[in-house]
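For reference, structure37.pdb is printed below; it contains PDB, C-alpha atoms.
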ATOM      1  CA  MET A   2      80.449 109.374 107.652
ATOM      2  CA  HIS A   3      80.914 107.063 110.632
ATOM      3  CA  ILE A   4      78.645 104.071 110.270
ATOM      4  CA  ALA A   5      77.873 103.153 113.869
ATOM      5  CA  GLU A   6      79.178  99.965 115.489
ATOM      6  CA  GLY A   7      77.085  96.962 114.495
ATOM      7  CA  PHE A   8      75.094  98.916 111.914
ATOM      8  CA  LEU A   9      76.216  96.946 108.904
ATOM      9  CA  PRO A  10      75.022  93.345 108.485
ATOM     10  CA  PRO A  11      77.887  90.858 109.014
ATOM     11  CA  ALA A  12      78.270  90.054 105.299
ATOM     12  CA  HIS A  13      78.679  93.764 104.476
ATOM     13  CA  ALA A  14      81.003  94.345 107.426
ATOM     14  CA  ILE A  15      83.265  91.497 106.307
ATOM     15  CA  GLY A  16      83.085  92.502 102.645
ATOM     16  CA  TRP A  17      84.166  96.103 103.309
ATOM     17  CA  THR A  18      86.892  94.966 105.693
ATOM     18  CA  VAL A  19      88.305  92.668 103.010
ATOM     19  CA  ALA A  20      88.064  95.516 100.493
ATOM     20  CA  ALA A  21      89.827  98.000 102.777
ATOM     21  CA  ALA A  22      92.623  95.709 104.006
ATOM     22  CA  PRO A  23      94.888  95.755 100.919
ATOM     23  CA  PHE A  24      94.662  99.558 100.716
ATOM     24  CA  VAL A  25      95.622  99.946 104.370
ATOM     25  CA  VAL A  26      98.527  97.485 104.066
ATOM     26  CA  HIS A  27      99.697  99.209 100.892
ATOM     27  CA  GLY A  28      99.336 102.555 102.699
ATOM     28  CA  ALA A  29     101.401 101.338 105.639
ATOM     29  CA  ARG A  30     104.159 100.287 103.243
ATOM     30  CA  ALA A  31     103.959 103.665 101.512
ATOM     31  CA  VAL A  32     104.375 105.456 104.859
ATOM     32  CA  VAL A  33     107.331 103.264 105.857
ATOM     33  CA  ARG A  34     108.983 103.759 102.458
ATOM     34  CA  GLU A  35     108.468 107.528 102.602
ATOM     35  CA  VAL A  36     109.959 107.807 106.087
ATOM     36  CA  ARG A  37     112.892 105.515 105.260
ATOM     37  CA  GLU A  38     113.800 107.056 101.912
ATOM     38  CA  ASN A  39     113.017 110.646 102.809
ATOM     39  CA  PRO A  40     113.438 111.113 106.578
ATOM     40  CA  GLU A  41     113.014 114.846 106.021
ATOM     41  CA  SER A  42     109.390 114.099 105.059
ATOM     42  CA  THR A  43     108.538 112.875 108.539
ATOM     43  CA  LEU A  44     107.520 116.295 109.842
ATOM     44  CA  LEU A  45     105.275 117.020 106.880
ATOM     45  CA  LEU A  46     103.796 113.536 107.138
ATOM     46  CA  GLY A  47     103.022 114.328 110.775
ATOM     47  CA  ALA A  48     101.350 117.538 109.680
ATOM     48  CA  ALA A  49      99.158 115.620 107.216
ATOM     49  CA  GLY A  50      98.127 113.170 109.945
ATOM     50  CA  ALA A  51      97.517 115.958 112.466
ATOM     51  CA  PHE A  52      95.374 117.862 109.956
ATOM     52  CA  THR A  53      92.986 114.941 109.478
ATOM     53  CA  PHE A  54      93.068 114.221 113.235
ATOM     54  CA  VAL A  55      91.913 117.709 114.200
ATOM     55  CA  LEU A  56      89.423 118.240 111.354
ATOM     56  CA  SER A  57      87.645 114.927 111.863
ATOM     57  CA  ALA A  58      87.153 115.726 115.557
ATOM     58  CA  ILE A  59      85.248 118.951 115.010
ATOM     59  CA  LYS A  60      81.538 118.787 114.368
ATOM     60  CA  LEU A  61      80.229 121.849 112.651
ATOM     61  CA  PRO A  62      76.705 123.138 112.128
ATOM     62  CA  SER A  63      75.351 123.176 108.607
ATOM     63  CA  ILE A  64      72.528 124.849 106.711
ATOM     64  CA  THR A  65      70.324 121.767 106.993
ATOM     65  CA  GLY A  66      69.984 122.171 110.758
ATOM     66  CA  SER A  67      72.158 119.152 111.432
ATOM     67  CA  SER A  68      75.885 119.007 111.973
ATOM     68  CA  SER A  69      78.742 116.986 110.591
ATOM     69  CA  HIS A  70      82.511 116.965 110.518
ATOM     70  CA  PRO A  71      85.111 117.534 107.797
ATOM     71  CA  THR A  72      87.642 114.835 106.926
ATOM     72  CA  GLY A  73      91.006 116.525 106.383
ATOM     73  CA  THR A  74      92.213 113.674 104.188
ATOM     74  CA  GLY A  75      92.617 115.637 100.949
ATOM     75  CA  ALA A  76      95.622 117.660 102.111
ATOM     76  CA  GLY A  77      97.759 114.611 102.842
ATOM     77  CA  ALA A  78      96.670 112.952  99.586
ATOM     78  CA  ILE A  79      97.862 116.007  97.635
ATOM     79  CA  LEU A  80     101.184 116.101  99.491
ATOM     80  CA  PHE A  81     102.074 112.402  99.619
ATOM     81  CA  ARG A  82      99.613 110.770  97.184
ATOM     82  CA  PRO A  83      96.526 108.899  98.405
ATOM     83  CA  PRO A  84      98.008 105.562  99.646
ATOM     84  CA  VAL A  85      99.580 107.271 102.648
ATOM     85  CA  MET A  86      96.158 108.490 103.759
ATOM     86  CA  ALA A  87      94.774 104.936 103.708
ATOM     87  CA  LEU A  88      96.914 104.284 106.777
ATOM     88  CA  LEU A  89      96.669 107.688 108.471
ATOM     89  CA  GLY A  90      92.892 107.852 107.960
ATOM     90  CA  THR A  91      92.396 104.354 109.341
ATOM     91  CA  VAL A  92      94.424 105.235 112.445
ATOM     92  CA  VAL A  93      92.070 108.174 113.053
ATOM     93  CA  LEU A  94      89.019 105.923 112.595
ATOM     94  CA  LEU A  95      90.468 103.327 114.967
ATOM     95  CA  PHE A  96      91.072 106.001 117.624
ATOM     96  CA  GLN A  97      87.469 107.164 117.307
ATOM     97  CA  ALA A  98      86.055 103.633 117.285
ATOM     98  CA  LEU A  99      87.962 102.586 120.410
ATOM     99  CA  LEU A 100      87.816 105.726 122.550
ATOM    100  CA  LEU A 101      84.824 107.722 121.360
ATOM    101  CA  ALA A 102      82.295 105.008 120.408
ATOM    102  CA  HIS A 103      82.192 106.836 117.091
ATOM    103  CA  GLY A 104      82.168 104.425 114.186
ATOM    104  CA  GLY A 105      83.138 100.924 115.216
ATOM    105  CA  LEU A 106      85.330  97.889 114.754
ATOM    106  CA  THR A 107      82.768  95.968 112.689
ATOM    107  CA  THR A 108      82.255  99.030 110.478
ATOM    108  CA  LEU A 109      85.942 100.028 110.408
ATOM    109  CA  GLY A 110      86.430  98.487 106.961
ATOM    110  CA  ALA A 111      83.477 100.323 105.412
ATOM    111  CA  ASN A 112      84.410 103.593 107.101
ATOM    112  CA  ALA A 113      88.034 103.199 106.014
ATOM    113  CA  VAL A 114      86.962 102.677 102.394
ATOM    114  CA  ALA A 115      84.933 105.917 102.524
ATOM    115  CA  PHE A 116      87.254 108.063 104.650
ATOM    116  CA  ALA A 117      90.748 106.747 103.968
ATOM    117  CA  VAL A 118      90.515 105.339 100.434
ATOM    118  CA  VAL A 119      87.743 106.823  98.262
ATOM    119  CA  GLY A 120      87.902 110.345  99.734
ATOM    120  CA  PRO A 121      91.673 110.749  99.299
ATOM    121  CA  TRP A 122      91.703 109.207  95.805
ATOM    122  CA  VAL A 123      88.762 111.215  94.453
ATOM    123  CA  GLY A 124      90.132 114.380  96.072
ATOM    124  CA  TYR A 125      93.556 113.703  94.585
ATOM    125  CA  GLY A 126      91.876 113.209  91.202
ATOM    126  CA  ALA A 127      90.132 116.581  91.530
ATOM    127  CA  TYR A 128      93.465 118.192  92.459
ATOM    128  CA  ARG A 129      95.281 116.657  89.484
ATOM    129  CA  LEU A 130      92.434 117.570  87.137
ATOM    130  CA  THR A 131      92.483 121.196  88.319
ATOM    131  CA  ARG A 132      96.244 121.372  87.824
ATOM    132  CA  ALA A 133      96.040 119.692  84.408
ATOM    133  CA  LEU A 134      93.436 122.255  83.341
ATOM    134  CA  GLY A 135      95.923 124.999  84.172
ATOM    135  CA  GLY A 136      94.749 125.804  87.700
ATOM    136  CA  GLY A 137      97.373 126.932  90.195
ATOM    137  CA  LEU A 138      98.365 125.108  93.356
ATOM    138  CA  LEU A 139      95.842 126.805  95.633
ATOM    139  CA  PRO A 140      92.785 126.331  93.369
ATOM    140  CA  GLY A 141      93.901 122.701  93.061
ATOM    141  CA  VAL A 142      94.158 122.389  96.846
ATOM    142  CA  PHE A 143      90.694 123.904  97.301
ATOM    143  CA  ALA A 144      89.188 121.458  94.789
ATOM    144  CA  GLY A 145      91.119 118.474  96.159
ATOM    145  CA  THR A 146      90.324 118.992  99.841
ATOM    146  CA  ALA A 147      86.664 119.922  99.261
ATOM    147  CA  VAL A 148      86.025 117.012  96.891
ATOM    148  CA  ALA A 149      87.764 114.507  99.208
ATOM    149  CA  ASP A 150      85.383 115.607 101.951
ATOM    150  CA  LEU A 151      82.244 115.274  99.788
ATOM    151  CA  ALA A 152      83.313 112.000  98.166
ATOM    152  CA  THR A 153      83.698 110.407 101.608
ATOM    153  CA  TYR A 154      80.112 111.197 102.564
ATOM    154  CA  VAL A 155      78.726 110.124  99.189
ATOM    155  CA  THR A 156      80.519 106.795  99.656
ATOM    156  CA  THR A 157      79.029 106.345 103.133
ATOM    157  CA  SER A 158      75.561 107.027 101.704
ATOM    158  CA  LEU A 159      76.066 104.358  99.031
ATOM    159  CA  GLN A 160      77.376 101.858 101.594
ATOM    160  CA  LEU A 161      74.349 102.365 103.848
ATOM    161  CA  ALA A 162      71.967 102.186 100.889
ATOM    162  CA  LEU A 163      73.504  98.881  99.777
ATOM    163  CA  ALA A 164      73.038  97.446 103.257
ATOM    164  CA  PHE A 165      69.604  98.950 103.870
ATOM    165  CA  PRO A 166      67.588  99.295 100.634
ATOM    166  CA  ASP A 167      64.445 101.344 101.128
ATOM    167  CA  PRO A 168      61.347  99.202 101.908
ATOM    168  CA  THR A 169      59.430 100.981  99.132
ATOM    169  CA  GLY A 170      62.003 102.795  96.995
ATOM    170  CA  GLY A 171      64.592 100.013  96.847
ATOM    171  CA  LEU A 172      68.289 100.755  96.405
ATOM    172  CA  ALA A 173      67.761 104.023  94.522
ATOM    173  CA  GLY A 174      65.300 105.243  97.147
ATOM    174  CA  ALA A 175      67.779 104.460  99.896
ATOM    175  CA  VAL A 176      70.593 106.264  98.051
ATOM    176  CA  VAL A 177      68.409 109.366  97.805
ATOM    177  CA  LYS A 178      67.459 109.069 101.461
ATOM    178  CA  PHE A 179      71.009 108.697 102.804
ATOM    179  CA  LEU A 180      72.328 111.382 100.450
ATOM    180  CA  GLY A 181      69.600 113.563 101.940
ATOM    181  CA  VAL A 182      71.097 112.956 105.380
ATOM    182  CA  PHE A 183      74.757 113.368 104.402
ATOM    183  CA  GLY A 184      75.002 115.158 101.071
ATOM    184  CA  VAL A 185      73.506 118.641 101.448
ATOM    185  CA  THR A 186      74.733 118.960 105.044
ATOM    186  CA  GLN A 187      78.253 118.316 103.831
ATOM    187  CA  ILE A 188      78.399 120.986 101.099
ATOM    188  CA  PRO A 189      79.204 123.995 103.348
ATOM    189  CA  LEU A 190      81.598 121.804 105.340
ATOM    190  CA  ALA A 191      83.400 120.790 102.168
ATOM    191  CA  ILE A 192      83.749 124.443 101.170
ATOM    192  CA  GLY A 193      85.068 125.228 104.659
ATOM    193  CA  GLU A 194      87.513 122.338 104.439
ATOM    194  CA  GLY A 195      88.668 123.662 101.057
ATOM    195  CA  LEU A 196      89.350 127.084 102.598
ATOM    196  CA  LEU A 197      91.228 125.491 105.521
ATOM    197  CA  GLY A 198      93.268 123.445 103.055
ATOM    198  CA  VAL A 199      94.182 126.650 101.217
ATOM    199  CA  LEU A 200      95.231 128.251 104.528
ATOM    200  CA  LEU A 201      97.425 125.237 105.332
ATOM    201  CA  PHE A 202      99.083 125.227 101.914
ATOM    202  CA  ARG A 203      99.654 128.991 102.017
ATOM    203  CA  ALA A 204     101.618 128.445 105.221
ATOM    204  CA  LEU A 205     103.466 125.465 103.730
ATOM    205  CA  THR A 206     104.429 127.143 100.445
ATOM    206  CA  VAL A 207     106.244 129.834 102.391
ATOM    207  CA  ASN A 208     107.687 127.794 105.234
ATOM    208  CA  ALA A 209     108.144 124.300 103.814
ATOM    209  CA  ARG A 210     109.074 125.168 100.250
ATOM    210  CA  PRO A 211     111.973 122.650  99.951
ATOM    211  CA  GLU A 212     109.684 119.787 101.001
ATOM    212  CA  LEU A 213     106.929 120.818  98.575
ATOM    213  CA  GLU A 214     109.445 121.078  95.744
ATOM    214  CA  ARG A 215     110.861 117.663  96.498
ATOM    215  CA  LEU A 216     107.340 116.173  96.571
ATOM    216  CA  GLY A 217     106.617 117.773  93.209
ATOM    217  CA  VAL A 218     103.770 119.910  94.573
ATOM    218  CA  LEU A 219     105.684 123.083  93.759
ATOM    219  CA  ARG A 220     107.939 123.495  90.754
ATOM    220  CA  PRO A 221     111.522 124.116  91.891
ATOM    221  CA  ALA A 222     112.608 127.717  91.444
ATOM    222  CA  ALA A 223     115.861 126.556  89.833
ATOM    223  CA  PRO A 224     116.223 123.356  87.795
ATOM    224  CA  ALA A 225     117.027 120.532  90.178
ATOM    225  CA  ALA A 226     116.947 116.761  90.134
ATOM    226  CA  GLU A 227     113.564 115.555  91.279
ATOM    227  CA  GLY A 228     113.324 112.413  93.364
ATOM    228  CA  PRO A 229     110.489 109.926  92.946
ATOM    229  CA  ALA A 230     107.336 111.166  94.638
TER     230      ALA A 230
ATOM    231  CA  MET B  29      98.485 145.151 106.220
ATOM    232  CA  THR B  30     100.164 143.316 103.376
ATOM    233  CA  ARG B  31      98.147 141.682 100.654
ATOM    234  CA  ARG B  32      99.172 138.306 102.000
ATOM    235  CA  SER B  33      97.856 138.853 105.500
ATOM    236  CA  LEU B  34      94.690 140.413 104.086
ATOM    237  CA  VAL B  35      94.019 137.241 102.088
ATOM    238  CA  THR B  36      94.706 135.134 105.188
ATOM    239  CA  ALA B  37      92.278 137.218 107.249
ATOM    240  CA  LEU B  38      89.595 136.951 104.566
ATOM    241  CA  LEU B  39      90.014 133.165 104.391
ATOM    242  CA  VAL B  40      89.654 132.868 108.175
ATOM    243  CA  ILE B  41      86.595 135.133 108.166
ATOM    244  CA  GLY B  42      85.139 133.038 105.336
ATOM    245  CA  VAL B  43      85.507 129.829 107.356
ATOM    246  CA  LEU B  44      83.988 131.433 110.470
ATOM    247  CA  ALA B  45      81.082 132.918 108.492
ATOM    248  CA  LEU B  46      80.364 129.584 106.864
ATOM    249  CA  PHE B  47      79.759 127.944 110.239
ATOM    250  CA  ALA B  48      78.302 130.911 112.097
ATOM    251  CA  ALA B  49      75.662 131.501 109.418
ATOM    252  CA  PRO B  50      73.651 128.298 110.082
ATOM    253  CA  LEU B  51      73.569 129.091 113.810
ATOM    254  CA  LEU B  52      72.516 132.723 113.297
ATOM    255  CA  LEU B  53      70.018 132.147 110.470
ATOM    256  CA  ASP B  54      68.385 129.214 112.172
ATOM    257  CA  GLY B  55      66.804 131.153 115.015
ATOM    258  CA  GLY B  56      66.956 128.265 117.485
ATOM    259  CA  GLY B  57      64.649 125.928 115.554
ATOM    260  CA  SER B  58      67.158 123.156 114.878
ATOM    261  CA  GLU B  59      69.015 120.846 117.189
ATOM    262  CA  PHE B  60      72.009 120.332 114.895
ATOM    263  CA  THR B  61      72.017 116.603 115.466
ATOM    264  CA  GLY B  62      75.052 114.852 114.005
ATOM    265  CA  SER B  63      74.488 113.446 110.523
ATOM    266  CA  ASP B  64      75.962 110.122 111.661
ATOM    267  CA  SER B  65      73.256 109.650 114.290
ATOM    268  CA  LEU B  66      70.590 110.788 111.815
ATOM    269  CA  ALA B  67      71.733 108.013 109.477
ATOM    270  CA  THR B  68      71.511 105.518 112.342
ATOM    271  CA  SER B  69      67.969 106.601 113.190
ATOM    272  CA  THR B  70      66.990 106.422 109.504
ATOM    273  CA  VAL B  71      68.096 102.781 109.504
ATOM    274  CA  GLU B  72      66.219 102.095 112.741
ATOM    275  CA  GLU B  73      63.000 103.677 111.426
ATOM    276  CA  ASP B  74      62.998 101.927 108.044
ATOM    277  CA  HIS B  75      64.261  98.570 109.270
ATOM    278  CA  PRO B  76      62.784  98.083 112.742
ATOM    279  CA  GLY B  77      63.737  94.404 112.549
ATOM    280  CA  TYR B  78      67.449  95.188 112.352
ATOM    281  CA  ASP B  79      69.407  94.775 115.567
ATOM    282  CA  ALA B  80      72.908  96.161 115.896
ATOM    283  CA  TRP B  81      74.844  92.919 116.334
ATOM    284  CA  PHE B  82      77.915  94.367 118.001
ATOM    285  CA  GLU B  83      78.373  96.934 120.743
ATOM    286  CA  SER B  84      81.173  99.460 121.085
ATOM    287  CA  VAL B  85      83.997  97.998 123.147
ATOM    288  CA  PHE B  86      84.104 101.234 125.128
ATOM    289  CA  ALA B  87      81.540 103.992 125.183
ATOM    290  CA  PRO B  88      81.986 107.295 127.033
ATOM    291  CA  SER B  89      79.622 107.244 129.981
ATOM    292  CA  SER B  90      78.178 110.704 129.431
ATOM    293  CA  ALA B  91      77.943 113.404 126.781
ATOM    294  CA  GLU B  92      80.447 115.449 128.799
ATOM    295  CA  VAL B  93      83.028 112.671 128.784
ATOM    296  CA  GLU B  94      82.435 112.148 125.071
ATOM    297  CA  SER B  95      82.874 115.820 124.171
ATOM    298  CA  GLY B  96      85.956 115.890 126.374
ATOM    299  CA  LEU B  97      87.460 113.007 124.423
ATOM    300  CA  PHE B  98      86.633 114.740 121.137
ATOM    301  CA  ALA B  99      88.350 117.838 122.511
ATOM    302  CA  VAL B 100      91.398 115.694 123.311
ATOM    303  CA  GLN B 101      91.454 114.454 119.731
ATOM    304  CA  ALA B 102      91.224 117.993 118.356
ATOM    305  CA  ALA B 103      93.827 119.254 120.821
ATOM    306  CA  LEU B 104      96.281 116.492 119.868
ATOM    307  CA  GLY B 105      95.800 117.186 116.165
ATOM    308  CA  GLY B 106      95.917 120.951 116.546
ATOM    309  CA  GLY B 107      98.888 120.808 118.900
ATOM    310  CA  VAL B 108     100.962 118.591 116.638
ATOM    311  CA  LEU B 109     100.017 120.628 113.548
ATOM    312  CA  GLY B 110     100.945 123.877 115.298
ATOM    313  CA  TYR B 111     104.229 122.414 116.537
ATOM    314  CA  ILE B 112     105.218 121.288 113.050
ATOM    315  CA  LEU B 113     104.200 124.528 111.330
ATOM    316  CA  GLY B 114     106.113 126.387 114.040
ATOM    317  CA  ARG B 115     109.213 124.319 113.379
ATOM    318  CA  PHE B 116     108.993 125.028 109.654
ATOM    319  CA  ARG B 117     108.571 128.714 110.329
ATOM    320  CA  GLY B 118     111.409 128.780 112.842
ATOM    321  CA  ARG B 119     113.659 126.993 110.393
ATOM    322  CA  ARG B 120     112.920 129.571 107.725
ATOM    323  CA  SER B 121     113.510 132.558 109.992
ATOM    324  CA  ALA B 122     116.724 130.940 111.200
ATOM    325  CA  GLY B 123     117.795 131.344 107.575
ATOM    326  CA  LYS B 124     118.739 127.739 106.884
ATOM    327  CA  THR B 125     116.588 127.764 103.781
ATOM    328  CA  PRO B 126     116.293 130.504 101.207
ATOM    329  CA  PRO B 127     113.444 132.733 102.360
ATOM    330  CA  ALA B 128     110.408 132.879 100.110
ATOM    331  CA  GLN B 129     109.250 136.173  98.720
ATOM    332  CA  PRO B 130     106.764 137.893 101.009
ATOM    333  CA  GLY B 131     103.483 138.067  99.172
ATOM    334  CA  ALA B 132     104.245 135.038  97.011
ATOM    335  CA  ASP B 133     101.238 132.791  97.217
ATOM    336  CA  GLY B 134     102.676 129.716  95.628
ATOM    337  CA  GLN B 135     101.237 130.038  92.150
TER     338      GLN B 135
END

Please rewrite the model in this file as structure tokens.
Amino acid sequence: MHIAEGFLPPAHAIGWTVAAAPFVVHGARAVVREVRENPESTLLLGAAGAFTFVLSAIKLPSITGSSSHPTGTGAGAILFRPPVMALLGTVVLLFQALLLAHGGLTTLGANAVAFAVVGPWVGYGAYRLTRALGGGLLPGVFAGTAVADLATYVTTSLQLALAFPDPTGGLAGAVVKFLGVFGVTQIPLAIGEGLLGVLLFRALTVNARPELERLGVLRPAAPAAEGPA
Amino acid sequence: MTRRSLVTALLVIGVLALFAAPLLLDGGGSEFTGSDSLATSTVEEDHPGYDAWFESVFAPSSAEVESGLFAVQAALGGGVLGYILGRFRGRRSAGKTPPAQPGADGQ
């Protein structure tokens, strides 16, 4: 999902940067508020950031004969709501753009929209939908983390198609072409990310139960006052 | 083996199988190029007139350096995640919080 440095025309690069900026600023405020109001959240917040840091570093082979990496942004979106991931995800992208020549500064805005905004929000939506339909926490986590992963790559495909319409097939042709590069490859990775998310939340439900109850992810065992999420 | 650790083992095996299968089934025919670079080459093929107008401020000088830096990223993330999960677990076994039921899977 990393659009390479310089691979969006200037107008697109600026447009996506302007689009991403308010989300990242809002996310930074959400992180600061969370840490200030609930200092006990800091550890779990660190875990959410570390999860996306490690998952987005690992490139995995896929059935299409190419490889790609998961995103790890769904877990934090489920725990702390999506705005927090707008900041954490952008920090990861900045690290990769500056040190790994992966992604770039001119494409940071577009990549942040895909990785740190759309992925977390769509994944969070899938999680909430699963829970609203009566699914338990872990099915919700599987859906949320897997869908966040897929939604990120679909967004990247649309961004590239907008910037580079197909010479013959136009915008639709380009969407099909870039989805062909990113979409199918990502399906097994999204399933794998869903399973890893379930593993993480199984560990958290046992060991970080008070935090999950306070965040409203788990229902408190006994009736207790619930703080704002 | 409790039901809980059986489920954990099955989940781990599932993840491993998911990523081992492409390597085993492929039979050496694919190069497993990154999808990001495939997208870049798609752009270059279809729009030969397009020139990347900005270069990375820093690019690792070789594939070895690059994979090393990716390993650093994964190690930082994995290390911090392991440290935090370990603290949670240590806190629970120290008995400061009411222990959860073994076998409860958070439903």

Surrounding residues of region 70-75 of chain B excluding itself and chain neighbours under 3 positions, 8 Å, all atoms listed in the file, as a list of chain:residue names: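 After dropping sequence-adjacent residues, the list is A:Phe165, A:Asp167, A:Pro168, B:Leu66, B:Ala67, B:Tyr78.
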
Do you have the CA of Ala164 (chain A)-CA of Ala152 (chain A) distance handy? 18.5 Å

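Distances to chain B were evaluated for A:Val148, A:Ala12, A:Leu44, A:Ala222 using only C-alpha atoms, and the minimum falls at A:Leu44.
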
Which residues, named as in the file, does the ChimeraX specification (/A :<7) & /B pick out? Answer as a ChimeraX atom specification. /B:36,39,43,46-47,50-51,58-64,66-68,71,74,80-88,94,97-98,101-102,105-106,108-109,112,116-117,120,128,133-135

Suppose a student applies the PyMOL selection byres ((chain A and resi 88-91) around 6) to this structure; what residues should they get, written as a PyMOL selection string? chain A and resi 25+28-29+50+85-87+92-94+113+117

What separates CA of Gly77 (chain B) and CA of Thr156 (chain A) is a distance of 24.5 Å

Separation of CA of Gly107 (chain B) from CA of Thr43 (chain A), in Å and rounded to one decimal: 16.2 Å

Pick from A:Ala191, A:Ala115, A:Ala14, A:Val176: nearest to Ala144 (chain A), with only C-alpha atoms counted?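 Of the candidates, the smallest distance to Ala144 (chain A) is held by A:Ala191.
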
Find the residue from A:Val33, A:Ala133, A:Ala127, A:Ala21 that sits nearest to Gly75 (chain A); use all atoms listed in the file when measuring.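 Going through A:Val33, A:Ala133, A:Ala127, A:Ala21 one by one, the smallest distance to Gly75 (chain A) is for A:Ala127.
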
Could you check the closest approach to Gly126 (chain A) for each of A:Arg34, A:His27, A:Arg82, A:Arg215 and tell me which residue wins, using only C-alpha atoms?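 For Gly126 (chain A), the nearest of the given residues is A:Arg82.
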